[in-house]
Each structure stands twice: as structure tokens, then as C-alpha cells.
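First up is the structure itself, then whatever we jot down about it.
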Amino acid sequence: MSSQEELAMLIDAERIPQEHKMESASAQIYAIQAGLELGKKRGKKLMFAKSAMAVLTAAMMVAGLLFFNPSQLLPQQASTSIESSDWGVLEPFKKLADADVDALTLESVIRNDYVQIVNKSAEKDGYKITLNAVIADENKIMLLYTGTSSGGQEIYNVNSVWLTDAAGQSVVDKNGNRSGMGLHAEDSIYKWLGKTIYSLDKDKAFPKEVVANFQIASVDPGMLAKPNTGTNLADMRYSDRLKVSFAIDSKFWEQKTETAVINQPFMIDGHEVNLAQVELSPLSIVVKYTLSEDLKTNWEIRNELFGKTPSELTSRVGKRELKNNSIGGSGSEDGFISNFSSNVLDHPKSIRLKLNAGPDREKDAYIDILKK
């Protein structure tokens with residue numbers, strides 16, 4: 001099976017009514033995404049063990065999320081926040097942030113007033129969506145929104161969020177470039193708080209006028225509490241597309257990504273991996289690794305190394321050591337890319353990547369990105 005066929009399988013599995021992606025789902029297909037990306041760019045057959053079966057398994061996992069309601073399974077809260085700030089009109093979203101891998105990022109941008117309050121709504125047939133706020137940088141755009149229903153319909157989630165320009169063209173590729181999370185507000189089954197992030201190509205100009213296009217999924221009265229709700233397509237009710245247009249605040253494009261060139265080699269299971277560079281921006285910290293020419297084409301070893309790249313990043317703000325959560329990664333032509341939550345707007349004194357103890361070192365070691 002070619003890498004193109006494998007990619008098509010995964011994309012086809014994602015073309016389902018439930019377009020809302022969870023960070024947990026991204027984590028589950030972490031290694032698969034890396035291999036597909038590498039195969040797509042290099043045009044070579046992937047050599048992962050049982051590759052075809054792995055892709056099929058990933059596709060099945062994605063399909064299994066068809067009607068997954070994220071409020072039913074919240075990730076464990078991480079101790080990432082410094083003293084909680086006043087979120088003002090976005091206070092209801094604190095509960096969402098508490099369960100989110102982007103908690104540190106959200107606290108940081110709100111504390112530093114790096115938010116565009118929108119508060120524009122669209123409503124039809126008892127369904128209403130309000131785009132509360134937008135946060136962006138060169139690499140990502142984040143939407144915070146509220147969905148409500150009337151007439152007794154219980155909100156299951158906001159199952160679809162698109163971004164288009166004023167002419168109706170997709171701002172970003174719809175396949176596999178967004179992540180999201182949501183939950184019911186204050187235990188109300190008629191109000192949904194959501195967050196969706198889209199990755200951007202910073203080499204392309206982002207349109208000033210944008211349309212956020214939402215769809216709300218709901219169920220009939222009393223259905224939400226039933227254990228099998230979400231497993232049957234016939235149970236679901238969907239709103240028409242609800243569109244909210246807005247202009248992006250220019251302050252987001254003034255905050256440029258800072259690139260720290262590291263070129264620090266280290267060992268994983270006897271193989272040299274190079275910490276090449278780190279990109280620092282308000283919504284993400286991106287760590288890039290490169291491999292030797294021999295390892296670039298050794299897919300079996302690459303697969304093993306990919307799963308063992310450092311996944312712990314911490315930053316020091318004042319006297320506090322904060323955890324920058326891992327939020328996924330992918331393969332690249334030269335190596336790997338790992339993504340972490342960001343608090344660079346807080347001007348941390350240090351940002352340290354942890355190299356775990358193991359066969360290559362007797363104790364944990366750290367690389368301070370800001371001192372390289």
C-alpha cells in the first residue's frame with residue numbers, strides 16, 4: 001500500500017458528521033500522522049511495522065469518535081496555571097480551560113490581554129451560536145464560542161466548525177488541521193462552551209475578513225442522559241449552518257514568531273537526535289528535531305525514535321515552575337516536530353526540555369532553550 005493510499009484511508013475515515021476533533025484523538029493517532037506526513041513529502045513507502053493495519057486501526061478509532069461527547073470524558077487537570085487571572089466576560093470558559101491541554105496558553109493570553117472579544121451571534125430555528133472571542137498568531141487561530149438551543153433540544157456538542165473568507169473559500173485545509181474541545185456550561189444541557197483551533201500557514205497571508213461557520217448537534221428531550229446516546233445517527237438533530245463574520249484584529253499579526261536555533265545533539269537508544277530549533281509564539285511552542293541522513297530513510301528506527309522524543313517542557317515564571325503540556329506532533333522531512341502549550345507572553349526566565357534518564361544517561365538532563 002502506498003503512502004498516498006494510507007493517507008486517503010485516514011482522510012476518508014475523518015469525513016464523518018462529527019467533525020469536532022479532540023486532543024485525545026490526535027494523541028491516539030500521533031505516530032500514524034507522523035508516518036503519513038513523511039510518506040507524503042518524500043514519496044516513499046512507509047516501513048512502519050504492520051503499517052497498513054496501523055492505519056486501518058487509526059481509521060477505526062477516528063470512526064469510533066463519531067458521536068463522542070467530550071464532556072463525558074475530561075482529561076485530568078494539569079497543574080499548569082499560575083495565579084488565576086480575571087477572565088472578565090470570558091469567565092464561563094474557565095471551566096473549559098481547567099480540563100484543557102491548552103490551559104496554560106489560555107491563562108497566558110487572557111492575562112496579557114491578547115484576546116479579541118467578538119460577541120457576535122447567528123440564530124435559526126431555535127439554535128444559536130455566539131462567537132465570544134478570537135485569539136490568533138502567525139501559526140494558529142483559536143475560536144471561543146457558545147452554542148444554545150431552545151424548544152427542549154438538548155445540546156450534544158458543536159459538531160462542526162469551519163473557517164472561510166468573505167468569498168466562501170476555505171481559509172484552512174479541512175483535513176486534519178484542527179483540534180477542539182467543549183463541555184456544557186454550568187451543567188446546563190442547553191448551553192455549550194467550545195474551543196476550536198486551526199493551524200495556519202504563516203507563509204500565506206491570512207484574510208482580514210473571516211466567516212466562522214458552525215453546526216450544532218442536539219438530541220430530543222431526555223435523550224442526553226441515556227447511556228447509548230451518540231451511538232445512533234438517527235438520534236441526532238442538526239442545526240442549519242450558523243455563520244458569524246468578523247474581522248481579525250491586526251495586533252495578532254504584529255506578534256511575530258521567535259525562532260531559537262539550538263543545534264543540540266542528544267542520544268535516544270544509542271541514536272543521535274538533534275534538537276535543531278524551537279519556535280516561540282503566543283499560542284504554541286514548536287520543537288523541531290532533525291536526524292542524520294542514514295536515519296532519515298530508516299523508517300523502523302524513525303518510528304521508534306518518534307515515540308521517544310522528549311515530551312516534557314517546563315517554564316519558569318517568577319518563582320513558579322510551570323508545565324507546558326504536550327499537544328501532539330508529527331513527522332517532518334528531516335525528523336520530527338513536537339508541539340507544546342505556550343506562555344511566552346509571560347516572558348518566562350527559562351524554558352527547559354527534559355531528557356529522561358535511560359540507556360543513554362544515568363539521570364534526567366535538561367536543555368534550557370532560552371540559554372542556547
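Naming works like this for the C-alpha cells: A, B, ... for the chains as they're shown, residue 1 at the start of each chain, ligands 1 onward in shown order.
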
Item to check | All residues 12 Å or closer to A:Gln153, only C-alpha atoms, same chain fewer than 2 positions away omitted, as a PyMOL selection string | outcome: chain A and resi 125-128+147-151+155-157+188-191+216-224+235-239

Checklist entry - If you count only C-alpha atoms, which residues fall within 10 Å of A:Ile262, apart from same-chain ones fewer than 2 positions away, as an MDAnalysis selection string? => result chainID A and resid 259:260 264:265 274:278 288:289 367:372

Go ahead and dump the residues you just picked, N, CA, C and O atoms, as a short mmCIF file (atom, residue, chain, number, x, y, z; two decimals), in the first residue's frame.
data_model
loop_
_atom_site.label_atom_id
_atom_site.label_comp_id
_atom_site.auth_asym_id
_atom_site.auth_seq_id
_atom_site.Cartn_x
_atom_site.Cartn_y
_atom_site.Cartn_z
N THR A 259 12.30 32.48 16.65
CA THR A 259 12.94 31.18 16.42
C THR A 259 14.29 31.13 17.13
O THR A 259 15.16 31.99 16.90
N ALA A 260 14.43 30.15 18.01
CA ALA A 260 15.69 29.93 18.71
C ALA A 260 16.41 28.75 18.06
O ALA A 260 15.91 27.63 18.09
N GLN A 264 21.46 21.21 19.30
CA GLN A 264 21.97 20.47 20.45
C GLN A 264 21.72 18.98 20.24
O GLN A 264 20.58 18.50 20.34
N PRO A 265 22.77 18.18 19.93
CA PRO A 265 22.56 16.75 19.75
C PRO A 265 22.40 16.03 21.10
O PRO A 265 22.98 16.45 22.11
N ASN A 274 19.06 15.45 16.88
CA ASN A 274 19.49 16.83 17.05
C ASN A 274 18.29 17.73 17.35
O ASN A 274 17.33 17.78 16.58
N LEU A 275 18.35 18.41 18.49
CA LEU A 275 17.35 19.44 18.79
C LEU A 275 17.74 20.66 17.96
O LEU A 275 18.62 21.43 18.33
N ALA A 276 17.08 20.80 16.82
CA ALA A 276 17.51 21.79 15.83
C ALA A 276 17.10 23.21 16.20
O ALA A 276 17.93 24.12 16.26
N GLN A 277 15.80 23.41 16.45
CA GLN A 277 15.33 24.76 16.76
C GLN A 277 14.00 24.70 17.48
O GLN A 277 13.31 23.69 17.48
N VAL A 278 13.65 25.83 18.08
CA VAL A 278 12.38 25.96 18.79
C VAL A 278 11.72 27.26 18.34
O VAL A 278 12.37 28.31 18.29
N LYS A 288 11.57 21.34 17.05
CA LYS A 288 11.90 20.61 15.82
C LYS A 288 13.21 19.85 15.99
O LYS A 288 14.20 20.40 16.43
N TYR A 289 13.14 18.57 15.61
CA TYR A 289 14.30 17.68 15.68
C TYR A 289 14.71 17.27 14.27
O TYR A 289 13.86 17.10 13.39
N ILE A 367 17.67 20.75 28.74
CA ILE A 367 18.20 21.74 27.81
C ILE A 367 17.36 23.00 27.98
O ILE A 367 16.14 22.98 27.77
N ASP A 368 17.99 24.09 28.39
CA ASP A 368 17.29 25.35 28.54
C ASP A 368 17.29 26.08 27.20
O ASP A 368 18.32 26.58 26.75
N ILE A 369 16.14 26.14 26.60
CA ILE A 369 16.00 26.71 25.26
C ILE A 369 16.42 28.18 25.23
O ILE A 369 17.04 28.65 24.28
N LEU A 370 16.10 28.92 26.29
CA LEU A 370 16.37 30.35 26.29
C LEU A 370 17.83 30.69 26.50
O LEU A 370 18.25 31.83 26.29
N LYS A 371 18.63 29.71 26.90
CA LYS A 371 20.05 29.96 27.12
C LYS A 371 20.92 29.44 25.99
O LYS A 371 22.15 29.47 26.08
N LYS A 372 20.28 28.92 24.94
CA LYS A 372 21.04 28.38 23.81
C LYS A 372 21.21 29.44 22.73
O LYS A 372 20.36 30.29 22.54
#

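For the pair atom CA of A:Phe93 and atom CA of A:Ile135, the separation is 13.7 Å.
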
Next on the checklist: Just list as a ChimeraX atom specification whatever in stretch 97-245 of chain A DSSP marks as strand (DSSP E).
Outcome noted: /A:116-124,127-136,140-149,154-165,178-184,191-199,209-219,237-238,242-245

Checklist entry - Hey, what's within 8 Å of stretch 204-210 of chain A if we count only C-alpha atoms and toss same-chain stuff fewer than 4 positions away? As a PyMOL selection string, please? => result chain A and resi 163-166+171+245-248

Item to check | Best match for closeness to A:Glu186 among A:Leu143, A:Leu96, A:Val101, A:Val211, counting only C-alpha atoms | outcome: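 Ranked by minimum distance to A:Glu186, first place goes to A:Leu96.
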
Next on the checklist: What's around A:Val89 at 12 Å? Count only C-alpha atoms, leave out sequence neighbours fewer than 6 positions away in its own chain, and write the answer as a list in words.
Outcome noted: Ile110, Val115, Gln116, Ile117, Val118, Asn119, Asn132, Ala133 and Leu144 of chain A

Could you save those same residues with N, CA and C atoms as a PDB file, in the first residue's frame?
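See part.pdb below for the written result:
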ATOM      1  N   ILE A 110      -5.090  35.561  28.105  1.00  0.00           N
ATOM      2  CA  ILE A 110      -6.103  36.383  28.765  1.00  0.00           C
ATOM      3  C   ILE A 110      -5.452  37.319  29.781  1.00  0.00           C
ATOM      4  N   VAL A 115      -6.428  39.068  23.436  1.00  0.00           N
ATOM      5  CA  VAL A 115      -7.707  38.463  23.058  1.00  0.00           C
ATOM      6  C   VAL A 115      -8.525  39.495  22.296  1.00  0.00           C
ATOM      7  N   GLN A 116      -9.251  39.027  21.314  1.00  0.00           N
ATOM      8  CA  GLN A 116     -10.196  39.885  20.592  1.00  0.00           C
ATOM      9  C   GLN A 116     -11.610  39.446  20.968  1.00  0.00           C
ATOM     10  N   ILE A 117     -12.330  40.283  21.683  1.00  0.00           N
ATOM     11  CA  ILE A 117     -13.708  39.984  22.051  1.00  0.00           C
ATOM     12  C   ILE A 117     -14.596  40.292  20.839  1.00  0.00           C
ATOM     13  N   VAL A 118     -15.395  39.318  20.430  1.00  0.00           N
ATOM     14  CA  VAL A 118     -16.251  39.463  19.251  1.00  0.00           C
ATOM     15  C   VAL A 118     -17.724  39.591  19.654  1.00  0.00           C
ATOM     16  N   ASN A 119     -18.236  38.573  20.354  1.00  0.00           N
ATOM     17  CA  ASN A 119     -19.631  38.566  20.833  1.00  0.00           C
ATOM     18  C   ASN A 119     -20.646  38.865  19.724  1.00  0.00           C
ATOM     19  N   ASN A 132     -17.677  34.217  20.896  1.00  0.00           N
ATOM     20  CA  ASN A 132     -17.326  35.084  22.013  1.00  0.00           C
ATOM     21  C   ASN A 132     -15.994  35.791  21.819  1.00  0.00           C
ATOM     22  N   ALA A 133     -14.985  35.042  21.365  1.00  0.00           N
ATOM     23  CA  ALA A 133     -13.652  35.645  21.277  1.00  0.00           C
ATOM     24  C   ALA A 133     -12.801  34.912  20.256  1.00  0.00           C
ATOM     25  N   LEU A 144     -13.348  30.864  20.552  1.00  0.00           N
ATOM     26  CA  LEU A 144     -14.112  30.518  21.753  1.00  0.00           C
ATOM     27  C   LEU A 144     -15.563  30.881  21.471  1.00  0.00           C
TER      28      LEU A 144
END

Checklist entry - Smallest atom-to-atom distance to A:Pro282: which of A:Val344, A:Ile327, A:Leu183, A:Leu353, using only C-alpha atoms? => result A:Val344

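Distances here use only C-alpha atoms; by that measure, the residue among A:Phe306, A:Lys354, A:Asp346, A:Val317 closest to A:Gly331 is A:Phe306.
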
Item to check | Counting only C-alpha atoms, the option among A:Trp162, A:Asn228, A:Trp299, A:Leu283 closest to A:Glu107 | outcome: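 Result for the nearest residue to A:Glu107: A:Leu283.
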